[in-house]
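What follows is a set of notes on a single structure, which appears directly below.
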Amino acid sequence: MESTIVKSVDYNAYFGDNHVVKNVNIEIPRNNVIAVMGPSGCGKTTFLRGINRMHELIPGATAKGKIMLNNEDVMEMHPIFVRLKIGMVFQRPNPFPNLSIYDNVIAGYKLNGIKLPKAEKDKIVEHSLTRVALWKEVKDSLTKKGSFLSGGQQQRLCIARAVAMEPEVLLFDEPTSALDPISTSTVEELFHELKKNYTLIIVTHNMQQAARVSDRTAFFYMGELVEYDNTKQMFTNPTDIRTQNYITGRFS
Amino acid sequence: METSVENELITRNDISLRVITSEKIRDIVKGIKRVKRSHRQIRAENVFRRTLVIIGLAMVVLVVGIMLTLIVQSIPSLKALGIGYLWGQTWDPVRDVYGALPFLAGTLLTSFLALALSIPFSFAVAIFLGEYYPKGWLANLLKNTVELIAAVPSVIYGFWGLAVLVPIVRSMEASIGIPSIGYGIFTSSLILAVMVIPYAASLGRSMIQMVPSNLKEAAYSLGATRWEVIRSVILPYTRSGLFAGVLLSLGRALGETMAVTMVIGNTPLMPKNIFSTGNTMASVIANELGEADKMVYNSALIELGLVLFLVTVVINMIGKKVISRFTNE
Amino acid sequence: MSNHVKYRIGKSTGFQALTIVLATSCVIPLVAILMYIIKAGITKINWNFLTNVEKPVGEIGGGIAHALMGSILVIFFASLIAIPIGILCGIFLSENKKSRLAYWSRLSVDILQGVPSIVIGIVAYIWLVKPFGYSAWSGSIALSIMMLPIIIRSTEETLKMLPDTLREAAFALGMPFHRVILKVIVPCGISGILSGVMLSVARIAGETAPLLFTAFGYQFFSTNMNKPMETLPHLIFKYAITPYKDWQDLAWGASCILLIWVLLLNILTKLITRRWKVQL
Ligand SMILES: Nc1ncnc2c1ncn2[C@@H]1O[C@H](COP(=O)(O)OP(=O)(O)OP(=O)(O)O)[C@@H](O)[C@H]1O
Ligand SMILES: [Mg+2]
C-alpha cells in the first residue's frame, strides 16, 4: 500500500476562543491529490494553514494536537523547516512585485540567503517553470516583473516558486477561484503532472474540479472532518447525510 | 581520446541541463537545508524580534524621559518661585525676580492673532482643493505651494521678516500715529500666520474630500447652490476635522521659536497692545537658556519649556483624537 | 422668486470668487520670500564665500565653509542615528498592530511629533551639554529625535498598506521573520519609507532652535564632533541679528543656499516617491 506522508492527530485550531477546527484525524498518502471541501467558513483554510504552521502567524490564533510529516511532528519543529518541506499556493496569485519572473521562481533561495552558482539557478528556474508549463510563455521575458503576467500565469508562477523549493507536500487554497476557465484547466492539468513528485492538498469549492483532479476527498463541516474517502466513492455513494446534502445541493 | 572525453562531458552537461531530474535538485536542496539547519537563521530571527521590541520600548522611554527630565529640572524653580511664578509680571534675572506672565501673554497673543489671520486663508485653501478644484494644474500648484510653505526653515522666515516685514510694519505704524518700532507682537503674528497655513489647510482638504458625495448630491438635487452645499453640508460635516486642523496649527504656533525671536523685539514686559514688543516662552528660552548660569534662572527657563511641552502635547492629543474619531466614523 | 434664485446664485459665485482669491493669495508670501532671498543671496555666493570661514567684522572675504561642513556633519550623524531606529520602530508598529507595547509606543511617537523643537533642544542640553559641554554630537542627537516621528510614521503607514498576501507568500517559502521583513516587506514599501526619510532630513536641515544650546556655533572650521560646531541655520541667525552689513550679506548668501537645499530635498522626495514606487 501507499505510505502515509501527512497525518493529523486530534488537531484543533482556534482564533482566540473561536474553536474553528475540531479534532481532525486524517491520513494523507504520498503522491496523491487530496481535495478538501465543505461549506464556506467550515475551517478548510484554517486546517490547511495549520499543516505548514501558517495558522499561528495570525495574532491570537492557536492550535493543539499533532501534525505528523513523515512521522515527525511539525508542531515540534521550527516553522521555517516545516515551510521548507511543505509549500503553499494561495487563492490570489501573489508574486513578489519587486522581483523579476526569474527571481520570483528562485525567491525561496534568493530571499533565504542561499547562494547558488548561476548555472544551478538557471537550471532550477527552467526546471520549475517547465513543470508548471510556463517556460515557453515566459522564457524570453524572465527579467520582467512578475506582476506583468496575467492572473493565470501569475498563479503558475507562484506554483513554480513553491515547486522550486522541492517540498514534499504542496498546499493549495482555492488555487483557481481567481482564474478564468482556461487558466483553471491549465492549472488542473498541472496537478496530474505534479502528483508524480509531490503530495497535493487542494481546498476547492468546485466539485467538478475535485472530482476531476483528486484521488481522495475530505469533507469538512462546522470545523469537523465529516467524511474522508476515495473521491469516486465520495461522490457516488457518500455515507454521511451532511456530505450527501452538500453534494446534491450543489449538483441539482 | 581527449576529444571523446570532452564530447562526453558536453553531452552530459547538455543532458543534465535539459532533462535534469527532480531527484537531482532534491539532492541539492537537501544539502542546502542541512546547512540551514545550523539554526543561524533562527537565532537571527529571534534577535530581530527582540530588537524591534526594544526599539518600540525605547520610544516610550524617550518620551517619558523627556517629560521626567523637564519636571525634575523644573523642581528648583518650582521650589523657589512656587506656582505664582506663572503669573508674576516681572522678569529680572539680575535681581533674581522671575515672573512668566509676560511670556505667557506674548505666546498666547501671537499664536491666537496668527491663527485668526491664517484661518480664512487656510480654510479657503482647504475648500478650494477639497471642493472646487481637487484636480488639475492649479490644484497641483497650490498644493505644492502650501507644502513648500511648511518646508521653508523658520530662521529664513525670521530673516525675511526682519528685512522686509519690520520696515513695512514700521511705516504702517508711523502712518497711523503709534510709536513706530516695527518689531513686536503684530509682526510676529503676521509671519506665524503664514507659517501655520499649511497645517490647517492640508488637514481640512483631506477632511473635505472625505465628505460622502451622496450627501452633496442630495443637497444639489434639492436645488441648493454650491455655496449652500458648502455651508450646509460640507462645513457641518467636516466641522470637527477643521477644528483639529486649527488645533494643529495652534500647536505649531505656540512652539515656533526662531521666526518669532527675530522679530518680536525680545522685551520681557507685558505687551500693552498688539503693536508693542514682547517675548514668547519659546523665544525667551532660545535667548537666555545658554547663558542662564544661576540655578533658579536656569530652572525657571526649563519650567517654561515644561509648560510649553505640556500645552502642545495636550493640544496635539486633542487634535489627533478628533481626527481619529472623524476618520473612523 | 426668480430674483431670489438669482441672488442665491450670485452669492454662491461671490463666495467662490472669494475662496479663489484667498486661496491663491497664499502663493504670494512664498513667492515673495523665495524671490527676495534668492535675489538678495545669489549675488553674495562666490568662491570665497564657499571656501572661507568667518572673518572679523570689517575684513572682507568671510565665508561659510565652516557652517556648510558643520551642517553636513550634524545632519549626517543625526540621520545615522534616526534612520535605522525610525525604520525599525515603524516596522515594529506595523507588525504589532494590537499589542499593548505598540499602543504606548505609537502614543509616544504621536507625542514626540508635536513637541516643539525648542523643547527638544532643552532636553538635549540637559542630557548632554550640562554633563559634557557644547558639542556637535548633542546637536545631532537633538535633531535625530526630531527626525524619528516623521520616519516612524511614514514607515508604519507605508507598511500597513502592503497586502498581507505578500507576507504570507514569503513566510510560506520558509523565510525567517527578519528576512520576510528586510527582503520582501521593506523593499516593497521602499518608496514610502524613503520619502519619509527625505522629508525628515529636509525638516531638520533648517532647524535652528535645538542647535542654539547644543552644537552652539563656532567661528572656525571644525570636524570634531565632540566640540561646538557652526551650522548653516545657526549662522544665518547669528549674522542676521547683527547690525553689520558684511555679516548680513553672508547671512543672505547662506539663506539662499539653505533655501535651495531644502526645496531641492522636497522636490527630490516627490520624484523618488514616484520613481521607486513598487507596483503592487
Ligand atoms: N483571521 C481570522 N481571525 C479570526 N477568525 C477567523 C479568521 N479567519 C477565519 N476565521 C474564522 O474561522 C472560521 C473558519 O474560517 P476558514 O477561513 O478556515 O473557512 P473556510 O472553510 O476556508 O471558508 P471559505 O470557504 O469561505 O474560504 C470562520 O468562521 C471565520 O469566522
Ligand atoms: Mg478559505
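Chains: A, B, ... in order of the C-alpha cells. Residues: from 1 per chain. Ligands: from 1, in order shown.
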
Expected answer as a PyMOL selection string: chain A residues within 9 Å of chain C, only C-alpha atoms | chain A and resi 52-54+57+59+79-90+92-98+107-109+111-113+147+158+161-162+165

Emit the selected residues as a CSV table (one decimal), in the first residue's frame, including N, CA, C and O atoms.
```csv
chain,number,residue,atom,x,y,z
A,52,ASN,N,1.2,23.7,7.5
A,52,ASN,CA,2.5,24.2,7.4
A,52,ASN,C,2.8,25.4,8.4
A,52,ASN,O,3.6,26.2,8.2
A,53,ARG,N,1.9,25.4,9.4
A,53,ARG,CA,2.1,26.3,10.5
A,53,ARG,C,2.0,27.8,10.1
A,53,ARG,O,2.7,28.6,10.7
A,54,MET,N,1.2,28.1,9.1
A,54,MET,CA,0.9,29.5,8.8
A,54,MET,C,-0.2,30.0,9.7
A,54,MET,O,-0.3,31.2,9.9
A,57,LEU,N,0.5,32.5,12.5
A,57,LEU,CA,1.0,33.9,12.1
A,57,LEU,C,-0.1,34.9,12.4
A,57,LEU,O,0.2,36.1,12.6
A,59,PRO,N,-2.4,36.9,14.7
A,59,PRO,CA,-2.4,37.2,16.1
A,59,PRO,C,-3.6,36.6,16.8
A,59,PRO,O,-4.7,36.7,16.3
A,79,PRO,N,9.0,26.4,12.6
A,79,PRO,CA,8.1,26.7,11.4
A,79,PRO,C,8.9,26.8,10.1
A,79,PRO,O,8.4,26.4,9.0
A,80,ILE,N,10.1,27.4,10.2
A,80,ILE,CA,10.9,27.6,9.0
A,80,ILE,C,11.2,26.3,8.3
A,80,ILE,O,11.0,26.1,7.0
A,81,PHE,N,11.5,25.2,9.0
A,81,PHE,CA,11.8,23.9,8.4
A,81,PHE,C,10.5,23.3,7.9
A,81,PHE,O,10.5,22.7,6.8
A,82,VAL,N,9.5,23.5,8.6
A,82,VAL,CA,8.2,22.9,8.2
A,82,VAL,C,7.8,23.5,6.8
A,82,VAL,O,7.5,22.8,5.9
A,83,ARG,N,8.0,24.8,6.7
A,83,ARG,CA,7.5,25.5,5.5
A,83,ARG,C,8.5,25.2,4.3
A,83,ARG,O,8.1,25.4,3.1
A,84,LEU,N,9.7,24.9,4.6
A,84,LEU,CA,10.6,24.5,3.5
A,84,LEU,C,10.2,23.1,3.0
A,84,LEU,O,10.5,22.8,1.8
A,85,LYS,N,9.6,22.3,3.8
A,85,LYS,CA,9.2,21.0,3.3
A,85,LYS,C,7.7,20.9,2.8
A,85,LYS,O,7.4,20.0,2.1
A,86,ILE,N,6.9,21.9,3.3
A,86,ILE,CA,5.5,21.9,2.8
A,86,ILE,C,5.3,23.3,2.2
A,86,ILE,O,5.2,24.3,2.8
A,87,GLY,N,5.2,23.3,0.9
A,87,GLY,CA,5.0,24.5,0.2
A,87,GLY,C,3.5,24.9,0.1
A,87,GLY,O,2.6,24.1,0.4
A,88,MET,N,3.2,26.2,-0.2
A,88,MET,CA,1.8,26.6,-0.2
A,88,MET,C,1.6,27.6,-1.4
A,88,MET,O,2.4,28.4,-1.7
A,89,VAL,N,0.4,27.4,-2.0
A,89,VAL,CA,-0.1,28.3,-3.0
A,89,VAL,C,-1.4,28.9,-2.6
A,89,VAL,O,-2.2,28.2,-2.1
A,90,PHE,N,-1.5,30.2,-2.8
A,90,PHE,CA,-2.7,30.9,-2.2
A,90,PHE,C,-3.8,31.1,-3.2
A,90,PHE,O,-3.6,30.9,-4.4
A,92,ARG,N,-5.3,34.0,-4.1
A,92,ARG,CA,-4.9,35.0,-5.1
A,92,ARG,C,-3.5,34.9,-5.4
A,92,ARG,O,-2.6,34.8,-4.5
A,93,PRO,N,-3.1,34.9,-6.7
A,93,PRO,CA,-1.7,34.9,-7.1
A,93,PRO,C,-1.0,36.0,-6.4
A,93,PRO,O,-1.4,37.1,-6.4
A,94,ASN,N,0.1,35.7,-5.7
A,94,ASN,CA,0.9,36.8,-5.0
A,94,ASN,C,2.4,36.7,-5.3
A,94,ASN,O,3.2,36.5,-4.4
A,95,PRO,N,2.7,36.9,-6.6
A,95,PRO,CA,4.2,37.0,-6.9
A,95,PRO,C,4.8,38.2,-6.2
A,95,PRO,O,4.0,39.2,-5.9
A,96,PHE,N,6.1,38.2,-5.9
A,96,PHE,CA,6.7,39.4,-5.3
A,96,PHE,C,6.8,40.5,-6.3
A,96,PHE,O,7.4,40.3,-7.3
A,97,PRO,N,6.1,41.6,-6.0
A,97,PRO,CA,6.0,42.7,-7.0
A,97,PRO,C,7.4,43.3,-7.3
A,97,PRO,O,7.5,44.0,-8.4
A,98,ASN,N,8.3,43.2,-6.4
A,98,ASN,CA,9.6,43.9,-6.6
A,98,ASN,C,10.6,43.0,-7.3
A,98,ASN,O,11.7,43.4,-7.6
A,107,ALA,N,12.9,32.7,-5.6
A,107,ALA,CA,12.8,33.6,-4.4
A,107,ALA,C,13.1,32.8,-3.1
A,107,ALA,O,13.7,33.4,-2.2
A,108,GLY,N,12.7,31.6,-3.1
A,108,GLY,CA,12.9,30.8,-1.8
A,108,GLY,C,14.4,30.6,-1.5
A,108,GLY,O,14.8,30.5,-0.4
A,109,TYR,N,15.2,30.7,-2.5
A,109,TYR,CA,16.7,30.6,-2.3
A,109,TYR,C,17.2,32.0,-2.1
A,109,TYR,O,17.9,32.2,-1.1
A,111,LEU,N,15.9,34.9,-1.3
A,111,LEU,CA,15.5,35.7,-0.2
A,111,LEU,C,15.8,35.0,1.1
A,111,LEU,O,15.9,35.6,2.2
A,112,ASN,N,16.1,33.7,1.0
A,112,ASN,CA,16.6,33.0,2.2
A,112,ASN,C,18.1,33.1,2.4
A,112,ASN,O,18.6,32.5,3.3
A,113,GLY,N,18.7,33.8,1.4
A,113,GLY,CA,20.1,34.0,1.6
A,113,GLY,C,21.0,32.8,1.2
A,113,GLY,O,22.1,32.7,1.6
A,147,SER,N,4.6,40.9,-11.8
A,147,SER,CA,3.2,41.4,-11.8
A,147,SER,C,2.8,41.7,-13.3
A,147,SER,O,1.7,42.1,-13.5
A,158,CYS,N,3.5,31.3,-9.2
A,158,CYS,CA,3.5,31.1,-7.7
A,158,CYS,C,3.7,29.6,-7.4
A,158,CYS,O,4.3,29.2,-6.5
A,161,ARG,N,7.2,28.8,-8.0
A,161,ARG,CA,8.0,29.3,-6.8
A,161,ARG,C,8.0,28.3,-5.7
A,161,ARG,O,9.0,28.0,-5.1
A,162,ALA,N,6.8,27.7,-5.5
A,162,ALA,CA,6.7,26.7,-4.4
A,162,ALA,C,7.5,25.4,-4.9
A,162,ALA,O,8.2,24.8,-4.1
A,165,MET,N,11.4,25.0,-4.5
A,165,MET,CA,12.0,24.6,-3.2
A,165,MET,C,12.0,23.1,-3.0
A,165,MET,O,12.4,22.6,-2.0
```

Within 7 Å of ligand 1, counting only C-alpha atoms and all ligand atoms, residues as a ChimeraX atom specification = /A:15,20,38-47,58,205

Got time to write the residues from that selection, N, CA, C and O atoms, as an mmCIF file, in the first residue's frame?
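Final file, out_32.cif:
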```
data_model
loop_
_atom_site.group_PDB
_atom_site.id
_atom_site.type_symbol
_atom_site.label_atom_id
_atom_site.label_comp_id
_atom_site.auth_asym_id
_atom_site.auth_seq_id
_atom_site.Cartn_x
_atom_site.Cartn_y
_atom_site.Cartn_z
ATOM 1 N N PHE A 15 -9.264 30.594 16.819
ATOM 2 C CA PHE A 15 -8.980 32.037 16.723
ATOM 3 C C PHE A 15 -9.444 32.636 18.031
ATOM 4 O O PHE A 15 -10.643 32.835 18.222
ATOM 5 N N VAL A 20 -12.304 26.596 15.686
ATOM 6 C CA VAL A 20 -12.594 26.587 14.250
ATOM 7 C C VAL A 20 -12.371 25.214 13.616
ATOM 8 O O VAL A 20 -13.123 24.800 12.748
ATOM 9 N N GLY A 38 -16.137 21.674 1.541
ATOM 10 C CA GLY A 38 -17.025 21.985 2.649
ATOM 11 C C GLY A 38 -17.599 23.366 2.481
ATOM 12 O O GLY A 38 -17.062 24.169 1.713
ATOM 13 N N PRO A 39 -18.689 23.645 3.177
ATOM 14 C CA PRO A 39 -19.303 24.969 3.029
ATOM 15 C C PRO A 39 -18.377 26.075 3.528
ATOM 16 O O PRO A 39 -17.443 25.820 4.283
ATOM 17 N N SER A 40 -18.672 27.268 3.122
ATOM 18 C CA SER A 40 -17.843 28.416 3.481
ATOM 19 C C SER A 40 -17.776 28.590 4.994
ATOM 20 O O SER A 40 -18.789 28.458 5.685
ATOM 21 N N GLY A 41 -16.596 28.840 5.494
ATOM 22 C CA GLY A 41 -16.438 29.096 6.924
ATOM 23 C C GLY A 41 -16.317 27.842 7.769
ATOM 24 O O GLY A 41 -16.349 27.914 8.995
ATOM 25 N N CYS A 42 -16.150 26.680 7.141
ATOM 26 C CA CYS A 42 -16.117 25.437 7.916
ATOM 27 C C CYS A 42 -14.714 25.121 8.405
ATOM 28 O O CYS A 42 -14.519 24.119 9.090
ATOM 29 N N GLY A 43 -13.722 25.938 8.041
ATOM 30 C CA GLY A 43 -12.391 25.717 8.598
ATOM 31 C C GLY A 43 -11.409 25.055 7.649
ATOM 32 O O GLY A 43 -10.349 24.600 8.077
ATOM 33 N N LYS A 44 -11.715 25.012 6.370
ATOM 34 C CA LYS A 44 -10.805 24.370 5.409
ATOM 35 C C LYS A 44 -9.480 25.112 5.347
ATOM 36 O O LYS A 44 -8.399 24.518 5.487
ATOM 37 N N THR A 45 -9.577 26.426 5.129
ATOM 38 C CA THR A 45 -8.366 27.225 5.043
ATOM 39 C C THR A 45 -7.565 27.107 6.330
ATOM 40 O O THR A 45 -6.343 26.948 6.313
ATOM 41 N N THR A 46 -8.260 27.201 7.436
ATOM 42 C CA THR A 46 -7.577 27.154 8.724
ATOM 43 C C THR A 46 -6.827 25.838 8.887
ATOM 44 O O THR A 46 -5.671 25.825 9.326
ATOM 45 N N PHE A 47 -7.484 24.730 8.518
ATOM 46 C CA PHE A 47 -6.807 23.440 8.625
ATOM 47 C C PHE A 47 -5.581 23.389 7.716
ATOM 48 O O PHE A 47 -4.503 22.957 8.123
ATOM 49 N N ILE A 58 -1.310 34.459 12.498
ATOM 50 C CA ILE A 58 -2.387 35.410 12.788
ATOM 51 C C ILE A 58 -2.426 35.659 14.288
ATOM 52 O O ILE A 58 -2.424 34.714 15.077
ATOM 53 N N HIS A 205 -13.898 24.783 -3.868
ATOM 54 C CA HIS A 205 -15.361 24.855 -3.766
ATOM 55 C C HIS A 205 -16.002 24.228 -4.976
ATOM 56 O O HIS A 205 -17.213 24.079 -5.043
#
```

Assign secondary structure with DSSP using the backbone only, and return the residues of region 74-130 of chain A in strand (DSSP E or B) as a PyMOL selection string.
-> chain A and resi 86-89+100

Restrict the selected residues to N, CA, C and O atoms and save them as a PDB file, in the first residue's frame.
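Contents of part14.pdb, as written:
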```pdb
ATOM      1  N   ILE A  86       6.924  21.878   3.258  1.00  0.00           N
ATOM      2  CA  ILE A  86       5.535  21.922   2.828  1.00  0.00           C
ATOM      3  C   ILE A  86       5.292  23.279   2.165  1.00  0.00           C
ATOM      4  O   ILE A  86       5.231  24.302   2.834  1.00  0.00           O
ATOM      5  N   GLY A  87       5.178  23.286   0.871  1.00  0.00           N
ATOM      6  CA  GLY A  87       4.968  24.531   0.154  1.00  0.00           C
ATOM      7  C   GLY A  87       3.506  24.921   0.131  1.00  0.00           C
ATOM      8  O   GLY A  87       2.627  24.115   0.447  1.00  0.00           O
ATOM      9  N   MET A  88       3.235  26.183  -0.247  1.00  0.00           N
ATOM     10  CA  MET A  88       1.844  26.635  -0.237  1.00  0.00           C
ATOM     11  C   MET A  88       1.573  27.586  -1.389  1.00  0.00           C
ATOM     12  O   MET A  88       2.416  28.411  -1.735  1.00  0.00           O
ATOM     13  N   VAL A  89       0.399  27.433  -1.969  1.00  0.00           N
ATOM     14  CA  VAL A  89      -0.052  28.337  -3.030  1.00  0.00           C
ATOM     15  C   VAL A  89      -1.386  28.920  -2.594  1.00  0.00           C
ATOM     16  O   VAL A  89      -2.237  28.212  -2.073  1.00  0.00           O
ATOM     17  N   SER A 100      11.821  40.139 -10.427  1.00  0.00           N
ATOM     18  CA  SER A 100      11.566  39.705 -11.792  1.00  0.00           C
ATOM     19  C   SER A 100      10.976  38.294 -11.765  1.00  0.00           C
ATOM     20  O   SER A 100      10.927  37.644 -10.728  1.00  0.00           O
TER      21      SER A 100
END
```

Select residues of chain A: the criterion is any atom within 8 Å of an atom of chain B, counting only C-alpha atoms; output as a list in words.
->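 Listed by rising number, the hits are Ile114, Lys123, Ile124, His127, Met165, Glu166 and Asn197 of chain A.
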
All residues 8 Å or closer to Asn279 (chain B), only C-alpha atoms, same chain fewer than 5 positions away omitted, as JSON, numbers by chain | {"B": [102, 103, 106, 107, 261, 264, 265, 266, 267, 268, 269, 284]}
